[in-house]
Amino acid sequence: MPPHEQFSTVLGFSTDGGQAPRLSGRLGGDPHRKRQQSAARLKCGICLARRLAETRLRRPPLCTPGDRGVPAWGRRLCAERQVQGEPSAGPEVSAWARLFALCRGHPVTSPLLLPRFGPRRIREESAMLRAANPSTGALPFQALAVADLGDVNVNLYDLQDSCRRVREAFQKIVAAGCVPLTMGGDHTITYPILQAMAEKHGPVGLLHVDAHTDTADKALGQKLYHGSPFRRAVDEGLLDCRRVVQIGVRGSAATLDPHRYSRSQGFRVVLAEECWFKSLVPLMAEVRQHLGGKPLYISFDIDALDPAYAPGTGTPEIAGLAPSQALEIIRGCQGLNVVGGDLVEVSPQYDVSGNTALLAANLLFEMLCVLPRVMTA
């Protein structure tokens, strides 16, 4: 059988309009007509395969119009909790005793809007995750009530207004007793989230995993962008600077001492070179002792990982961390007082295979597994 006919036998579904697809066998009759039919069916089969692949990647929308970003099942759970006599802070969040919310804020500051759709892609790849973590013995969904609260609506034309919207959304979430894990999106979102965190907890400790310190003062005259969230957080007293650790920093810079500001504020900066070819378990033992038991926020920029593993990001730097080291960092936070976290800068435009988003989804799951109240075997 010629190769094109053989392929049409496998993927050559009937082209009859409105009919259910059926497999076609070898074609008989006029050779010219046979070639035409075979080519048509081959084209149909390829298109159908493409549609099937897209359907596999696509997930039903978590939010419906008019629901202010709250999934239907989340609203039902909220209603069930209220029936049981538990207080509610409104449709967006409910003051559940043990709700840990996965939310998204995505103010867009990159000129190419690169991370805008990162959270959507992370959600799609999270379909591969299961309920248990055999490596650590964690069963987060048994210990916690977990909900996806949808997206934070932002103003794509006004970054300051976007930050205000993110801050106000997280003020409600934190006030309701929730611990937010946030998908991003541009790293600017960490700044308004920290504002909401500090309002409840006071200055928080920070575990910042990133290729960059993100402590620049300004860019093109602007003091608020994805390279300055922690500079702004220091300016406003949102961080307990003695309890800030930055891991994975590397790459070229404008000066020979690009980390001077971080160290002058009391941050511990762990360069990527200090992490090469070794386990980070000993490092995390030191970090746990350094951070202590006070409130801690985790901010994980996906570009901390080497672009061989996570190419889907807007500012990749070579010679980064390996996924196994990322797991060691997050699992090393077990037992700390984690009050929130985020994973940011996933850019699907550069993530052709989806591996970056898959890695991001797994790292968020690992964060969920180290939250307080999640026991491990």
# chains A, B, ... in the order shown; residues from 1 in each chain; ligands from 1
>>> closest_atom_pairs(of="stretch 196-312 of chain A", to="stretch 325-348 of chain A", cutoff="10 Å", atoms="only C-alpha atoms", output="JSON lines")
{"residue": "A:Met197", "atom": "CA", "partner": "A:Val339", "partner_atom": "CA", "distance": 8.0}
{"residue": "A:His201", "atom": "CA", "partner": "A:Val339", "partner_atom": "CA", "distance": 8.7}
{"residue": "A:Val204", "atom": "CA", "partner": "A:Val339", "partner_atom": "CA", "distance": 8.9}
{"residue": "A:Gly205", "atom": "CA", "partner": "A:Val338", "partner_atom": "CA", "distance": 9.2}
{"residue": "A:Leu206", "atom": "CA", "partner": "A:Gly341", "partner_atom": "CA", "distance": 9.4}
{"residue": "A:Leu207", "atom": "CA", "partner": "A:Cys333", "partner_atom": "CA", "distance": 9.1}
{"residue": "A:His208", "atom": "CA", "partner": "A:Gly341", "partner_atom": "CA", "distance": 9.8}
{"residue": "A:Val209", "atom": "CA", "partner": "A:Ile329", "partner_atom": "CA", "distance": 8.6}
{"residue": "A:Asp210", "atom": "CA", "partner": "A:Val344", "partner_atom": "CA", "distance": 9.8}
{"residue": "A:His226", "atom": "CA", "partner": "A:Glu345", "partner_atom": "CA", "distance": 9.2}
{"residue": "A:Ile247", "atom": "CA", "partner": "A:Ile329", "partner_atom": "CA", "distance": 9.0}
{"residue": "A:Gly248", "atom": "CA", "partner": "A:Ala326", "partner_atom": "CA", "distance": 9.7}
{"residue": "A:Cys275", "atom": "CA", "partner": "A:Gln325", "partner_atom": "CA", "distance": 8.4}
{"residue": "A:Trp276", "atom": "CA", "partner": "A:Gln325", "partner_atom": "CA", "distance": 9.6}
{"residue": "A:Phe277", "atom": "CA", "partner": "A:Gln325", "partner_atom": "CA", "distance": 9.8}
{"residue": "A:Lys278", "atom": "CA", "partner": "A:Gln325", "partner_atom": "CA", "distance": 8.5}
{"residue": "A:Ser279", "atom": "CA", "partner": "A:Gln325", "partner_atom": "CA", "distance": 6.7}
{"residue": "A:Leu280", "atom": "CA", "partner": "A:Glu328", "partner_atom": "CA", "distance": 6.1}
{"residue": "A:Val281", "atom": "CA", "partner": "A:Glu328", "partner_atom": "CA", "distance": 6.0}
{"residue": "A:Pro282", "atom": "CA", "partner": "A:Gly332", "partner_atom": "CA", "distance": 9.3}
{"residue": "A:Leu283", "atom": "CA", "partner": "A:Ile329", "partner_atom": "CA", "distance": 8.5}
{"residue": "A:Met284", "atom": "CA", "partner": "A:Gly332", "partner_atom": "CA", "distance": 5.4}
{"residue": "A:Ala285", "atom": "CA", "partner": "A:Gly332", "partner_atom": "CA", "distance": 7.1}
{"residue": "A:Glu286", "atom": "CA", "partner": "A:Gly332", "partner_atom": "CA", "distance": 9.8}
{"residue": "A:Val287", "atom": "CA", "partner": "A:Gly332", "partner_atom": "CA", "distance": 8.4}
{"residue": "A:Arg288", "atom": "CA", "partner": "A:Cys333", "partner_atom": "CA", "distance": 6.8}
{"residue": "A:Gln289", "atom": "CA", "partner": "A:Leu336", "partner_atom": "CA", "distance": 9.6}
{"residue": "A:Leu291", "atom": "CA", "partner": "A:Leu336", "partner_atom": "CA", "distance": 8.0}
{"residue": "A:Gly292", "atom": "CA", "partner": "A:Leu336", "partner_atom": "CA", "distance": 7.1}
{"residue": "A:Gly293", "atom": "CA", "partner": "A:Asn337", "partner_atom": "CA", "distance": 5.6}
{"residue": "A:Lys294", "atom": "CA", "partner": "A:Asn337", "partner_atom": "CA", "distance": 6.0}
{"residue": "A:Pro295", "atom": "CA", "partner": "A:Asn337", "partner_atom": "CA", "distance": 5.1}
{"residue": "A:Leu296", "atom": "CA", "partner": "A:Val338", "partner_atom": "CA", "distance": 4.7}
{"residue": "A:Tyr297", "atom": "CA", "partner": "A:Gly340", "partner_atom": "CA", "distance": 5.1}
{"residue": "A:Ile298", "atom": "CA", "partner": "A:Gly341", "partner_atom": "CA", "distance": 4.4}
{"residue": "A:Ser299", "atom": "CA", "partner": "A:Asp342", "partner_atom": "CA", "distance": 5.0}
{"residue": "A:Phe300", "atom": "CA", "partner": "A:Leu343", "partner_atom": "CA", "distance": 4.7}
{"residue": "A:Asp301", "atom": "CA", "partner": "A:Val344", "partner_atom": "CA", "distance": 5.0}
{"residue": "A:Ile302", "atom": "CA", "partner": "A:Glu345", "partner_atom": "CA", "distance": 6.1}
{"residue": "A:Asp303", "atom": "CA", "partner": "A:Glu345", "partner_atom": "CA", "distance": 7.3}
{"residue": "A:Ala304", "atom": "CA", "partner": "A:Ala326", "partner_atom": "CA", "distance": 8.6}
{"residue": "A:Leu305", "atom": "CA", "partner": "A:Ala326", "partner_atom": "CA", "distance": 7.6}
{"residue": "A:Ala310", "atom": "CA", "partner": "A:Val346", "partner_atom": "CA", "distance": 8.7}
{"residue": "A:Pro311", "atom": "CA", "partner": "A:Ser347", "partner_atom": "CA", "distance": 8.7}
{"residue": "A:Gly312", "atom": "CA", "partner": "A:Ser347", "partner_atom": "CA", "distance": 5.0}
>>> write_last_selection(atoms="C-alpha atoms", output="short mmCIF file (atom, residue, chain, number, x, y, z; two decimals), in the first residue's frame")
data_model
loop_
_atom_site.label_atom_id
_atom_site.label_comp_id
_atom_site.auth_asym_id
_atom_site.auth_seq_id
_atom_site.Cartn_x
_atom_site.Cartn_y
_atom_site.Cartn_z
CA MET A 197 0.42 40.43 53.24
CA HIS A 201 1.22 39.98 59.10
CA VAL A 204 7.30 39.29 56.14
CA GLY A 205 10.31 37.15 55.38
CA LEU A 206 10.92 36.30 51.75
CA LEU A 207 12.31 33.29 49.93
CA HIS A 208 12.95 34.62 46.43
CA VAL A 209 14.06 32.13 43.78
CA ASP A 210 15.03 33.97 40.60
CA HIS A 226 8.88 43.61 36.80
CA ILE A 247 18.60 31.94 45.37
CA GLY A 248 19.70 31.28 41.79
CA CYS A 275 24.39 25.80 43.44
CA TRP A 276 26.05 24.07 40.51
CA PHE A 277 26.55 20.29 40.62
CA LYS A 278 25.27 19.83 44.16
CA SER A 279 22.22 19.07 46.23
CA LEU A 280 20.60 22.10 47.86
CA VAL A 281 19.36 20.19 50.90
CA PRO A 282 22.24 21.49 53.09
CA LEU A 283 21.59 25.05 51.87
CA MET A 284 17.90 24.79 52.75
CA ALA A 285 18.77 23.58 56.24
CA GLU A 286 20.67 26.85 56.71
CA VAL A 287 17.82 28.83 55.14
CA ARG A 288 15.24 27.28 57.49
CA GLN A 289 17.31 28.26 60.48
CA LEU A 291 14.12 32.37 58.31
CA GLY A 292 12.79 31.03 61.60
CA GLY A 293 9.12 30.64 62.45
CA LYS A 294 7.79 34.08 61.51
CA PRO A 295 5.56 34.65 58.45
CA LEU A 296 7.27 33.79 55.17
CA TYR A 297 6.33 34.53 51.56
CA ILE A 298 7.72 32.46 48.66
CA SER A 299 8.21 34.11 45.27
CA PHE A 300 9.45 31.79 42.52
CA ASP A 301 10.35 33.19 39.11
CA ILE A 302 10.45 30.38 36.55
CA ASP A 303 13.59 31.88 35.00
CA ALA A 304 15.49 30.67 38.07
CA LEU A 305 15.55 27.37 36.22
CA ALA A 310 12.07 26.17 31.28
CA PRO A 311 12.48 28.01 27.99
CA GLY A 312 9.06 29.64 28.23
#
>>> select_by_dssp(residues="stretch 115-352 of chain A", states="alpha helix (DSSP H)", output="MDAnalysis selection string")
chainID A and resid 118:125 140:143 159:175 190:201 229:235 260:264 281:291 323:331
>>> select_by_dssp(residues="stretch 110-277 of chain A", states="strand (DSSP E)", output="number ranges by chain")
A: 145-152, 181-183, 204-209, 239-249, 268-271
>>> residues_around(residues="A:Arg165", least_positions_apart="5", cutoff="8 Å", atoms="only C-alpha atoms", output="PyMOL selection string")
chain A and resi 152-154
>>> closest_residue(among="A:Arg243, A:Ala361, A:Val166, A:His259", to="A:Ser126", atoms="only C-alpha atoms")
A:Ala361
>>> closest_residue(among="A:Leu271, A:Leu194, A:Ala211, A:Leu220", to="A:Asp240", atoms="only C-alpha atoms")
A:Leu194
>>> decode(residues="stretch 162-179 of chain A", atoms="N, CA, C and O atoms", output="tab-separated table (two decimals), in the first residue's frame")
chain	number	residue	atom	x	y	z
A	162	SER	N	-3.68	48.63	37.95
A	162	SER	CA	-3.62	47.17	38.03
A	162	SER	C	-3.12	46.72	39.39
A	162	SER	O	-3.66	45.80	40.00
A	163	CYS	N	-2.07	47.38	39.87
A	163	CYS	CA	-1.53	47.02	41.18
A	163	CYS	C	-2.56	47.28	42.29
A	163	CYS	O	-2.66	46.50	43.24
A	164	ARG	N	-3.31	48.35	42.15
A	164	ARG	CA	-4.36	48.63	43.13
A	164	ARG	C	-5.40	47.51	43.14
A	164	ARG	O	-5.82	47.04	44.20
A	165	ARG	N	-5.79	47.06	41.96
A	165	ARG	CA	-6.78	45.99	41.86
A	165	ARG	C	-6.27	44.69	42.47
A	165	ARG	O	-6.99	43.98	43.18
A	166	VAL	N	-5.00	44.37	42.19
A	166	VAL	CA	-4.41	43.16	42.77
A	166	VAL	C	-4.35	43.28	44.29
A	166	VAL	O	-4.72	42.35	45.02
A	167	ARG	N	-3.89	44.42	44.77
A	167	ARG	CA	-3.80	44.62	46.23
A	167	ARG	C	-5.16	44.47	46.91
A	167	ARG	O	-5.28	43.77	47.92
A	168	GLU	N	-6.18	45.08	46.35
A	168	GLU	CA	-7.50	45.01	46.96
A	168	GLU	C	-8.06	43.59	46.93
A	168	GLU	O	-8.71	43.14	47.89
A	169	ALA	N	-7.81	42.87	45.84
A	169	ALA	CA	-8.28	41.48	45.77
A	169	ALA	C	-7.61	40.62	46.83
A	169	ALA	O	-8.27	39.82	47.51
A	170	PHE	N	-6.32	40.82	47.03
A	170	PHE	CA	-5.60	39.99	48.00
A	170	PHE	C	-5.86	40.45	49.43
A	170	PHE	O	-5.72	39.65	50.36
A	171	GLN	N	-6.21	41.68	49.62
A	171	GLN	CA	-6.61	42.10	50.96
A	171	GLN	C	-7.83	41.32	51.42
A	171	GLN	O	-7.91	40.88	52.57
A	172	LYS	N	-8.80	41.11	50.52
A	172	LYS	CA	-9.98	40.33	50.86
A	172	LYS	C	-9.62	38.87	51.12
A	172	LYS	O	-10.12	38.25	52.06
A	173	ILE	N	-8.74	38.34	50.27
A	173	ILE	CA	-8.36	36.93	50.40
A	173	ILE	C	-7.64	36.68	51.72
A	173	ILE	O	-7.96	35.75	52.47
A	174	VAL	N	-6.67	37.53	52.03
A	174	VAL	CA	-5.89	37.37	53.26
A	174	VAL	C	-6.76	37.63	54.49
A	174	VAL	O	-6.66	36.92	55.50
A	175	ALA	N	-7.63	38.63	54.41
A	175	ALA	CA	-8.49	38.94	55.54
A	175	ALA	C	-9.44	37.79	55.85
A	175	ALA	O	-9.88	37.62	57.00
A	176	ALA	N	-9.76	36.98	54.84
A	176	ALA	CA	-10.66	35.85	55.04
A	176	ALA	C	-9.95	34.63	55.62
A	176	ALA	O	-10.57	33.59	55.81
A	177	GLY	N	-8.67	34.74	55.92
A	177	GLY	CA	-7.93	33.63	56.50
A	177	GLY	C	-7.36	32.66	55.49
A	177	GLY	O	-7.00	31.54	55.86
A	178	CYS	N	-7.30	33.07	54.23
A	178	CYS	CA	-6.78	32.19	53.18
A	178	CYS	C	-5.29	32.40	52.99
A	178	CYS	O	-4.75	33.47	53.26
A	179	VAL	N	-4.64	31.37	52.50
A	179	VAL	CA	-3.23	31.45	52.12
A	179	VAL	C	-3.18	31.39	50.59
A	179	VAL	O	-3.45	30.34	50.01
